[in-house]
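For reference, target_35.txt is printed below; it contains compact mmCIF, C-alpha atoms.
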```txt
# COMPACT_ATOMS: atom_id res chain seq x y z
CA MET L 1 0.00 0.00 0.00
CA PRO L 2 1.45 3.43 -0.95
CA CYS L 3 2.31 5.85 1.86
CA GLN L 4 -0.07 8.52 0.49
CA GLU L 5 -2.98 6.10 0.87
CA VAL L 6 -1.89 5.31 4.41
CA SER L 7 -1.69 9.03 5.16
CA GLU L 8 -5.33 9.40 4.13
CA MET L 9 -6.23 6.44 6.32
CA MET L 10 -4.64 8.18 9.31
CA SER L 11 -7.30 10.86 9.22
CA LEU L 12 -10.07 8.27 8.93
CA GLU L 13 -8.62 6.28 11.82
CA LEU L 14 -8.60 9.38 14.03
CA ASP L 15 -12.29 9.88 13.26
CA GLY L 16 -13.08 6.21 13.85
CA ALA L 17 -14.06 5.73 10.21
CA LEU L 18 -11.81 2.79 9.26
CA SER L 19 -13.27 -0.68 8.87
CA ASP L 20 -11.57 -3.58 10.67
CA LYS L 21 -10.07 -4.80 7.44
CA GLU L 22 -8.73 -1.36 6.57
CA ARG L 23 -7.33 -0.95 10.06
CA ARG L 24 -5.42 -4.22 9.77
CA SER L 25 -3.81 -3.11 6.48
CA PHE L 26 -3.11 0.29 8.00
CA GLU L 27 -1.44 -1.16 11.07
CA ALA L 28 0.55 -3.63 8.99
CA HIS L 29 1.93 -0.79 6.84
CA LEU L 30 2.72 1.33 9.89
CA ALA L 31 4.65 -1.48 11.53
CA ALA L 32 6.93 -1.65 8.52
CA CYS L 33 7.27 2.04 7.51
CA GLY L 34 9.30 4.47 9.60
CA GLU L 35 8.19 7.58 7.67
CA CYS L 36 4.53 6.78 8.18
CA GLN L 37 5.15 6.11 11.87
CA LYS L 38 6.54 9.64 12.23
CA GLU L 39 3.58 11.10 10.31
CA TRP L 40 1.14 9.07 12.43
CA ALA L 41 2.78 10.31 15.63
CA LEU L 42 2.25 13.90 14.48
CA PHE L 43 -1.37 13.24 13.51
CA ARG L 44 -2.04 11.71 16.92
CA ARG L 45 -0.29 14.55 18.69
CA ILE L 46 -2.46 17.11 16.90
CA ASN L 47 -5.59 15.07 17.48
CA SER L 48 -4.99 14.69 21.21
CA ALA L 49 -4.38 18.44 21.61
CA TYR L 50 -7.52 19.34 19.66
CA LYS L 51 -9.59 16.79 21.53
CA MET L 52 -9.08 18.91 24.65
CA VAL L 53 -10.59 22.13 23.29
CA LYS L 54 -13.68 23.60 24.89
CA PHE L 55 -16.08 26.40 24.13
CA THR L 56 -15.24 29.94 25.22
CA GLN L 57 -17.99 32.01 26.83
CA PRO L 58 -19.32 34.74 24.52
CA PRO L 59 -19.28 38.33 25.77
CA PRO L 60 -22.33 39.28 27.87
CA GLY L 61 -25.25 41.02 26.18
CA LEU L 62 -24.88 39.31 22.80
CA THR L 63 -28.54 38.26 22.63
CA GLU L 64 -29.74 41.73 23.64
CA ALA L 65 -27.51 43.35 21.02
CA VAL L 66 -28.82 41.03 18.29
CA MET L 67 -32.47 41.60 19.22
CA ALA L 68 -31.95 45.37 19.41
CA ARG L 69 -30.50 45.37 15.88
CA ILE L 70 -33.36 43.21 14.62
CA ARG L 71 -35.96 45.57 16.13
CA HIS L 72 -34.17 48.60 14.72
CA GLN L 73 -34.14 47.09 11.24
CA ALA L 74 -37.83 46.14 11.53
CA LEU L 75 -38.67 49.72 12.51
CA LYS L 76 -36.77 51.11 9.54
CA ARG L 77 -38.55 48.69 7.21
CA SER L 78 -41.99 49.59 8.58
CA ILE L 79 -41.30 53.31 8.08
CA VAL L 80 -40.31 52.72 4.46
CA ARG L 81 -43.31 50.47 3.87
CA GLY L 82 -45.67 52.98 5.51
CA SER L 83 -44.35 55.79 3.33
CA LEU L 84 -44.74 53.70 0.19
CA LEU L 85 -48.28 52.75 1.21
CA VAL L 86 -49.28 56.38 1.69
CA MET L 87 -47.70 57.33 -1.62
CA GLY L 88 -49.48 54.49 -3.44
CA ALA L 89 -52.83 55.29 -1.82
CA SER L 90 -52.47 58.98 -2.69
CA LEU L 91 -51.68 58.15 -6.30
CA LEU L 92 -54.69 55.86 -6.66
CA ALA L 93 -57.01 58.35 -4.93
CA ALA L 94 -55.80 61.20 -7.13
CA LEU L 95 -56.35 59.13 -10.24
CA THR L 96 -59.83 58.01 -9.16
CA ILE L 97 -61.04 61.45 -8.10
CA GLY L 98 -59.46 63.11 -11.11
CA LEU L 99 -61.13 60.70 -13.54
CA ALA L 100 -64.48 61.06 -11.75
CA ALA L 101 -64.17 64.85 -11.94
CA LEU L 102 -63.43 64.62 -15.66
CA ALA L 103 -66.58 62.57 -16.19
CA LEU L 104 -68.75 64.96 -14.13
CA PHE L 105 -67.28 68.11 -15.66
CA PRO L 106 -69.89 68.55 -18.48
CA LEU L 107 -72.79 68.06 -16.04
CA LEU L 108 -71.40 70.62 -13.57
CA THR L 109 -70.77 73.11 -16.38
CA SER L 110 -74.49 73.11 -17.24
CA LEU L 111 -75.33 73.80 -13.59
CA ALA L 112 -72.73 76.57 -13.18
CA GLN L 113 -75.41 79.27 -12.92
CA TYR L 114 -76.15 78.14 -9.37
CA PRO L 115 -73.55 79.35 -6.80
CA PHE L 116 -73.30 75.99 -5.05
CA PHE L 117 -72.58 74.13 -8.29
CA ALA L 118 -70.20 76.90 -9.37
CA ALA L 119 -68.11 76.27 -6.26
CA LEU L 120 -68.30 72.55 -6.91
CA LEU L 121 -67.20 73.16 -10.49
CA GLU L 122 -64.10 75.03 -9.31
CA MET L 123 -63.20 72.15 -7.09
CA ALA L 124 -63.87 69.66 -9.86
CA GLU L 125 -61.59 71.65 -12.16
CA GLY L 126 -58.73 71.13 -9.75
CA PHE L 127 -59.33 67.40 -9.60
CA ALA L 128 -59.94 67.22 -13.32
CA SER L 129 -56.48 68.66 -13.98
CA VAL L 130 -55.00 65.81 -11.91
CA GLY L 131 -57.13 63.38 -13.86
CA ARG L 132 -55.92 64.84 -17.15
CA VAL L 133 -52.28 64.54 -16.15
CA CYS L 134 -52.81 60.91 -15.15
CA ALA L 135 -54.80 60.20 -18.28
CA TYR L 136 -52.15 61.77 -20.49
CA ALA L 137 -49.45 59.73 -18.77
CA VAL L 138 -51.35 56.49 -19.33
CA GLU L 139 -52.30 57.41 -22.88
CA LEU L 140 -48.72 58.29 -23.66
CA VAL L 141 -47.53 54.84 -22.63
CA LEU L 142 -50.36 52.61 -23.77
CA GLY L 143 -52.10 54.81 -26.34
CA THR L 144 -49.30 54.41 -28.83
CA ILE L 145 -49.46 50.64 -28.43
CA LEU L 146 -53.25 50.33 -28.66
CA GLN L 147 -53.72 53.26 -31.07
CA SER L 148 -56.73 54.42 -29.07
CA GLY L 149 -57.03 56.69 -26.01
CA ALA L 150 -60.09 55.40 -24.20
CA PRO L 151 -59.28 51.65 -23.97
CA ALA L 152 -55.69 52.54 -23.10
CA LEU L 153 -56.89 54.65 -20.20
CA ALA L 154 -59.22 51.94 -18.92
CA ILE L 155 -56.57 49.22 -19.20
CA GLY L 156 -53.94 51.44 -17.61
CA TYR L 157 -56.18 52.30 -14.69
CA LEU L 158 -57.10 48.66 -14.19
CA MET L 159 -53.45 47.57 -14.28
CA LEU L 160 -52.46 50.23 -11.77
CA ALA L 161 -55.32 49.37 -9.41
CA VAL L 162 -54.70 45.59 -9.57
CA GLY L 163 -50.95 46.10 -9.19
CA LEU L 164 -51.38 48.26 -6.12
CA VAL L 165 -53.87 45.87 -4.50
CA ILE L 166 -51.52 42.90 -5.05
CA TRP L 167 -48.55 44.86 -3.71
CA TRP L 168 -50.43 46.09 -0.63
CA THR L 169 -51.60 42.56 0.12
CA ARG L 170 -48.01 41.33 -0.05
CA VAL L 171 -46.75 44.16 2.15
CA LEU L 172 -49.46 43.77 4.75
CA LEU L 173 -49.29 39.97 4.88
CA LEU L 174 -45.54 39.69 4.43
CA PRO L 175 -44.68 37.31 7.34
CA GLN L 176 -47.37 34.84 6.29
CA THR L 177 -46.63 34.96 2.57
CA ARG L 178 -42.89 34.48 3.19
CA LEU L 179 -43.64 31.35 5.21
CA ALA L 180 -45.02 29.75 2.08
CA GLY L 181 -41.59 29.97 0.42
CA SER L 182 -39.95 26.63 -0.30
CA PRO L 183 -37.41 25.65 2.37
CA ARG L 184 -33.82 25.84 1.27
CA VAL L 185 -30.42 26.53 2.75
CA ASP L 186 -28.17 29.22 1.42
CA ARG L 187 -25.20 27.44 -0.04
CA ASN L 188 -23.92 30.10 -2.34
CA GLN L 189 -20.62 30.33 -0.60
CA GLY L 190 -17.95 28.02 0.71
CA MET C 1 -32.04 22.00 24.58
CA SER C 2 -34.31 19.41 23.00
CA ALA C 3 -34.75 19.33 19.25
CA GLU C 4 -38.51 19.51 19.75
CA LEU C 5 -38.30 22.71 21.78
CA GLU C 6 -35.85 24.17 19.31
CA GLN C 7 -38.27 23.38 16.49
CA GLN C 8 -41.16 25.01 18.37
CA TRP C 9 -39.14 28.18 18.84
CA ALA C 10 -38.09 28.18 15.21
CA VAL C 11 -41.68 27.77 13.99
CA ALA C 12 -42.86 30.52 16.36
CA ALA C 13 -40.04 32.79 15.19
CA MET C 14 -41.02 32.12 11.57
CA ALA C 15 -44.54 33.29 12.43
CA GLY C 16 -43.04 36.58 13.65
CA ASN C 17 -42.56 35.84 17.36
CA GLU C 18 -39.48 37.84 18.36
CA ASP C 19 -39.31 36.35 21.85
CA ALA C 20 -39.02 32.87 20.37
CA TYR C 21 -36.16 34.04 18.19
CA ALA C 22 -34.47 35.63 21.21
CA LYS C 23 -34.58 32.21 22.89
CA LEU C 24 -32.90 30.66 19.84
CA VAL C 25 -30.21 33.35 19.90
CA GLU C 26 -29.64 32.73 23.59
CA ALA C 27 -29.39 28.99 23.01
CA TYR C 28 -27.05 29.26 20.02
CA GLN C 29 -24.84 32.18 20.99
CA LEU C 30 -22.24 29.83 22.48
CA PRO C 31 -21.66 27.60 19.40
CA ILE C 32 -21.99 30.46 16.93
CA PHE C 33 -19.66 32.78 18.81
CA ASN C 34 -17.12 29.98 19.21
CA LEU C 35 -17.22 29.09 15.54
CA ALA C 36 -16.62 32.74 14.64
CA PHE C 37 -13.94 33.11 17.32
CA ARG C 38 -11.94 30.13 16.05
CA MET C 39 -12.41 31.10 12.43
CA LEU C 40 -11.55 34.78 12.78
CA GLY C 41 -9.09 34.59 15.66
CA ASN C 42 -10.24 37.47 17.85
CA SER C 43 -13.24 38.17 20.01
CA LEU C 44 -14.22 41.56 18.62
CA GLU C 45 -14.58 40.27 15.09
CA ALA C 46 -16.18 37.10 16.41
CA GLU C 47 -18.83 39.05 18.29
CA ASP C 48 -19.61 41.09 15.21
CA ALA C 49 -19.75 37.95 13.05
CA ALA C 50 -22.05 36.22 15.55
CA GLN C 51 -24.43 39.19 15.53
CA GLU C 52 -24.40 39.30 11.74
CA THR C 53 -25.10 35.56 11.58
CA PHE C 54 -28.18 35.85 13.80
CA ILE C 55 -29.47 38.87 11.87
CA ARG C 56 -28.98 37.10 8.55
CA ALA C 57 -30.65 33.99 9.92
CA TYR C 58 -33.63 36.06 11.07
CA SER C 59 -34.08 37.62 7.66
CA ARG C 60 -33.82 34.16 6.04
CA LEU C 61 -36.08 32.32 8.48
CA HIS C 62 -38.54 31.66 5.67
CA THR C 63 -35.91 29.41 4.06
CA TYR C 64 -35.56 27.21 7.15
CA ASP C 65 -37.11 23.78 6.89
CA PRO C 66 -38.49 22.85 10.34
CA GLY C 67 -37.91 19.20 9.44
CA ARG C 68 -34.15 19.78 9.59
CA LYS C 69 -31.88 20.49 12.53
CA PHE C 70 -31.82 24.17 13.36
CA SER C 71 -28.23 23.83 14.55
CA SER C 72 -27.02 22.70 11.11
CA TRP C 73 -28.91 25.50 9.42
CA ILE C 74 -27.56 28.30 11.60
CA LEU C 75 -24.03 26.84 11.68
CA SER C 76 -24.17 26.82 7.90
CA ILE C 77 -24.97 30.53 7.80
CA ALA C 78 -22.21 31.30 10.31
CA SER C 79 -19.69 29.13 8.44
CA HIS C 80 -20.32 30.72 5.08
CA TYR C 81 -20.18 34.16 6.61
CA CYS C 82 -16.85 33.52 8.36
CA VAL C 83 -15.20 31.89 5.33
CA ASP C 84 -16.37 34.80 3.22
CA ARG C 85 -15.09 37.29 5.77
CA LEU C 86 -11.69 35.59 5.84
CA ARG C 87 -11.61 35.67 2.08
CA ARG C 88 -12.45 39.37 2.02
CA ARG C 89 -9.89 40.05 4.71
CA HIS C 90 -7.14 38.62 2.56
CA GLY C 91 -8.48 39.80 -0.77
CA THR C 92 -8.84 37.64 -3.82
CA THR C 93 -5.09 37.25 -4.21
CA LEU C 94 -4.20 35.75 -0.88
CA SER C 95 -0.55 36.16 -0.09
CA MET C 96 1.25 33.15 1.27
CA GLU C 97 3.15 35.37 3.66
CA GLU C 98 -0.13 36.39 5.23
CA ILE C 99 -1.30 32.81 5.61
CA MET C 100 1.96 31.41 6.81
CA GLY C 101 2.94 34.44 8.85
CA GLN C 102 -0.39 35.00 10.53
CA ARG C 103 -0.43 34.02 14.13
CA TRP C 104 -2.99 33.85 16.84
CA ILE C 105 -4.09 37.33 17.85
CA PRO C 106 -3.80 37.73 21.62
CA ASP C 107 -7.14 38.67 23.09
CA GLU C 108 -7.44 40.77 26.19
CA HIS C 109 -11.21 40.60 26.43
CA ILE C 110 -11.66 36.88 26.67
CA LYS C 111 -9.70 34.35 28.59
CA PRO C 112 -9.65 31.42 26.16
CA GLU C 113 -10.55 27.93 27.21
CA GLU C 114 -6.95 26.97 26.62
CA GLN C 115 -6.27 28.16 30.16
CA THR C 116 -7.39 24.74 31.24
CA LEU C 117 -5.04 23.05 28.81
CA LEU C 118 -1.37 22.48 29.13
CA SER C 119 0.60 25.34 27.67
CA GLU C 120 2.14 22.94 25.17
CA GLU C 121 -1.27 22.00 23.79
CA ARG C 122 -2.25 25.63 23.74
CA ALA C 123 0.82 26.52 21.73
CA LEU C 124 0.23 23.64 19.33
CA ILE C 125 -3.33 24.71 18.62
CA ARG C 126 -2.31 28.32 18.06
CA GLN C 127 0.57 27.25 15.87
CA THR C 128 -1.42 24.92 13.65
CA LEU C 129 -4.91 26.43 13.35
CA ASP C 130 -3.76 29.73 11.93
CA VAL C 131 -1.85 28.19 9.03
CA LEU C 132 -5.07 26.77 7.62
CA PRO C 133 -6.96 28.60 4.89
CA GLY C 134 -10.63 29.35 5.74
CA PRO C 135 -12.38 26.25 4.34
CA TYR C 136 -9.80 23.94 5.99
CA ARG C 137 -9.96 25.76 9.30
CA LEU C 138 -13.73 25.45 9.14
CA VAL C 139 -13.78 21.65 8.96
CA ILE C 140 -11.29 21.43 11.84
CA VAL C 141 -13.39 23.79 13.98
CA LEU C 142 -16.59 21.88 13.19
CA ARG C 143 -14.90 18.54 13.84
CA TYR C 144 -13.21 19.37 17.15
CA TRP C 145 -15.02 22.27 18.77
CA HIS C 146 -18.48 21.29 17.60
CA ASP C 147 -17.82 17.56 17.63
CA LEU C 148 -19.60 17.01 14.32
CA GLY C 149 -19.33 13.88 12.19
CA TYR C 150 -18.60 13.82 8.45
CA GLU C 151 -22.25 13.97 7.40
CA GLU C 152 -23.11 16.85 9.69
CA ILE C 153 -20.07 18.79 8.52
CA ALA C 154 -21.13 18.14 4.94
CA THR C 155 -24.62 19.47 5.73
CA VAL C 156 -23.16 22.61 7.26
CA THR C 157 -20.59 23.34 4.56
CA GLY C 158 -22.72 22.18 1.63
CA ASP C 159 -20.01 19.77 0.47
CA THR C 160 -20.15 16.03 -0.14
CA VAL C 161 -19.03 13.62 2.60
CA SER C 162 -16.02 12.57 0.54
CA ALA C 163 -15.03 16.22 0.07
CA VAL C 164 -15.24 16.69 3.85
CA LYS C 165 -13.03 13.64 4.47
CA SER C 166 -10.52 14.90 1.96
CA ARG C 167 -10.54 18.44 3.37
CA LEU C 168 -10.09 17.18 6.93
CA HIS C 169 -7.18 15.05 5.83
CA ARG C 170 -5.49 17.88 3.98
CA ALA C 171 -6.02 20.17 6.97
CA ARG C 172 -4.32 17.66 9.26
CA GLU C 173 -1.58 17.17 6.73
CA MET C 174 -0.95 20.93 6.68
CA MET C 175 -0.94 21.07 10.47
CA ALA C 176 1.48 18.14 10.71
CA GLN C 177 3.75 19.81 8.21
CA GLU C 178 3.61 23.07 10.13
CA MET C 179 4.69 21.23 13.25
CA ARG C 180 7.52 19.59 11.35
CA ASN C 181 8.64 22.91 10.04
CA ALA C 182 8.39 24.74 13.33
CA GLY C 183 11.58 26.66 13.87
CA GLU C 184 12.65 26.48 10.25
CA ALA C 185 13.11 29.74 8.40
CA LYS C 186 11.26 28.71 5.25
CA PRO C 187 8.51 26.15 5.63
CA LYS C 188 8.54 25.29 1.94
CA ARG C 189 6.45 22.16 2.02
CA THR C 190 3.72 23.73 4.15
CA ARG C 191 3.68 26.60 1.72
CA ARG C 192 3.28 24.23 -1.21
CA ILE C 193 0.48 22.28 0.48
CA ALA C 194 -1.33 25.48 1.43
CA GLU C 195 -0.93 26.84 -2.10
CA ASN C 196 -2.34 23.64 -3.58
CA ALA C 197 -5.17 23.71 -1.10
CA LEU C 198 -5.96 27.35 -1.86
CA SER C 199 -6.00 26.76 -5.57
CA ARG C 200 -8.74 24.21 -4.93
CA SER C 201 -10.67 26.36 -2.47
CA PHE C 202 -10.76 29.90 -3.81
```
Structure rendered as structure tokens:
Amino acid sequence: MPCQEVSEMMSLELDGALSDKERRSFEAHLAACGECQKEWALFRRINSAYKMVKFTQPPPGLTEAVMARIRHQALKRSIVRGSLLVMGASLLAALTIGLAALALFPLLTSLAQYPFFAALLEMAEGFASVGRVCAYAVELVLGTILQSGAPALAIGYLMLAVGLVIWWTRVLLLPQTRLAGSPRVDRNQG
Amino acid sequence: MSAELEQQWAVAAMAGNEDAYAKLVEAYQLPIFNLAFRMLGNSLEAEDAAQETFIRAYSRLHTYDPGRKFSSWILSIASHYCVDRLRRRHGTTLSMEEIMGQRWIPDEHIKPEEQTLLSEERALIRQTLDVLPGPYRLVIVLRYWHDLGYEEIATVTGDTVSAVKSRLHRAREMMAQEMRNAGEAKPKRTRRIAENALSRSF
């Protein structure tokens, strides 16, 4: 048996992983090979020193420090999520009110002779301008694809609304939805 | 700590229970800190690495399979983090002088467990552990400090059992050579073994 093979067997023997048959061959080679005996003595010396190691106590307050960092990160995340939620809700509300104001604009114009409706018309004009901006934005993107303004607006509005609802659901139910993820271990490194 | 209790805490933590996760951190701070301490060589870095491991584990709790041992899962995160940190510490072009010249960093904050050992053993461990590149040091730490078998080490490192056997053997070979070369000006053979090992690892 070559010495390199015996060297590999030394490691297995230290871990108790040699079969009886392998151990007999190993011991037979050792008995006859001075170089391997020296190597084996070193392996055993290292093994006996390492067998004596024990755990060191971690510094106090490690758990508290970890949990404080986790809570801090959670707080930061919730602030970002909250801001995004408000921004999303504002966008959807502006689009809805603006489009409704655009639709009601002709009706209010005919009633403008009455002071109450005149005031309402002024307000509607403000919302309508928001609606126009949103409508132009959607038309600009989808209108060129669909070659028609009205369907593009409807589809764009629907996509935005559905997208926001899906996103909000994910944000609000994040811990539960993440649980459904398939279990795996990160083995990208090492 | 029983595996059942550990599993209950893990499941509760996955459902968002922070107290349950705090219990897991408390229970695992000893093995995780020790793994980081032996891998990185000083307590300040080890403490930082242990914290980072627990924070990473918390953010990846959804990837934990409650059917598996929590210890293997969290040791895996800590191991990868420490090996990566060692790699970053040395840069992509690891100099042999750094590997061979690096010695145990004396630590004033923690009295190591070697106090209970004979000074000769203590010296031997310091002398041999630091010559090992990260992936080789890792298998030695998992084998001796954590008392893991081949299969468990393979689960933690993500390697095959035969790769673990081979890595353990090469690590011991490097340590034996380091002992042989102790006192010599130029430990050529250790350098060659370490270079070969690194070319396989990095």
* Asked: Quick one: which residues from chain C are at most 6 Å off chain L, using all atoms listed in the file, as a list of chain:residue names?
  ->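 Selected residues: C:Val25, C:Glu26, C:Gln51, C:His62, C:Thr63, C:Tyr64, C:Asp65, C:His80, C:Pro112, C:Glu113, C:Glu121, C:His169, C:Ala176.
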* **d(atom CA of Arg85 of chain C, atom CA of Thr157 of chain C) in Å** =>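 According to the coordinates, atom CA of Arg85 of chain C and atom CA of Thr157 of chain C are separated by 15.0 Å.
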* Asked: So how far away is atom CA of Tyr136 of chain C from atom CA of Arg167 of chain C, in Å?
  ->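 Atom-to-atom, atom CA of Arg167 of chain C and atom CA of Tyr136 of chain C are spaced 6.1 Å apart.
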* One-decimal distance in Å that lies between atom CA of Ala57 of chain C and atom CA of Ala171 of chain C -> 28.4 Å
* To do: Determine, counting only C-alpha atoms, which protein, DNA and RNA residues have an atom within 10 Å of an atom of segment 105-110 of chain L; residues of the same chain fewer than 3 positions away are not included. Present the result as an NGL selection string.
  => :L and (99-102 or 113-114 or 117-122 or 124-125 or 128)
For the residues in that selection, give me C-alpha atoms as a JSON list (two decimals), keeping the file's coordinate frame.
```
[["chain", "number", "residue", "atom", "x", "y", "z"],
["L", 99, "LEU", "CA", -61.13, 60.70, -13.54],
["L", 100, "ALA", "CA", -64.48, 61.06, -11.75],
["L", 101, "ALA", "CA", -64.17, 64.85, -11.94],
["L", 102, "LEU", "CA", -63.43, 64.62, -15.66],
["L", 113, "GLN", "CA", -75.41, 79.27, -12.92],
["L", 114, "TYR", "CA", -76.15, 78.14, -9.37],
["L", 117, "PHE", "CA", -72.58, 74.13, -8.29],
["L", 118, "ALA", "CA", -70.20, 76.90, -9.37],
["L", 119, "ALA", "CA", -68.11, 76.27, -6.26],
["L", 120, "LEU", "CA", -68.30, 72.55, -6.91],
["L", 121, "LEU", "CA", -67.20, 73.16, -10.49],
["L", 122, "GLU", "CA", -64.10, 75.03, -9.31],
["L", 124, "ALA", "CA", -63.87, 69.66, -9.86],
["L", 125, "GLU", "CA", -61.59, 71.65, -12.16],
["L", 128, "ALA", "CA", -59.94, 67.22, -13.32]]
```
* **Pick from C:Gly67, C:Gly41, C:Pro135, C:Gly16 nearest to Ile153 of chain C, counting only C-alpha atoms** =>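 Result for the nearest residue to Ile153 of chain C: C:Pro135.
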* Counting only C-alpha atoms, the option among C:Cys82, C:Ala13, C:Ala3, C:Met39 closest to Ser59 of chain C ->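 Closest residue, counting only C-alpha atoms: C:Ala13.
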With 5 Å of padding per side, what axis-aligned box (centre and edge lengths, Å, one decimal) covers all the listed atoms of segment 41-53 of chain C? Give it as AutoDock Vina command-line options.
```
--center_x -17.1 --center_y 38.1 --center_z 15.8 --size_x 26.0 --size_y 17.0 --size_z 18.4
```
* Give the answer as one residue: which of L:Cys36, L:Val162, L:Val130, L:Ala31 has the shortest atom-to-atom distance to Leu91 of chain L, using all atoms listed in the file? =>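 Selected residue with least distance to Leu91 of chain L: L:Val130.
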* Residues within 12 Å of (-32.0, 29.9, 27.3), file coords, all atoms listed in the file, listed as a PyMOL selection string -> (chain L and resi 63) or (chain C and resi 1-2+5-6+9+19-30)
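Using all atoms listed in the file, the residues found no farther than 6 Å from segment 159-165 of chain C, other than those of its own chain fewer than 4 positions away, are Tyr150, Glu151 and Ala154 of chain C.
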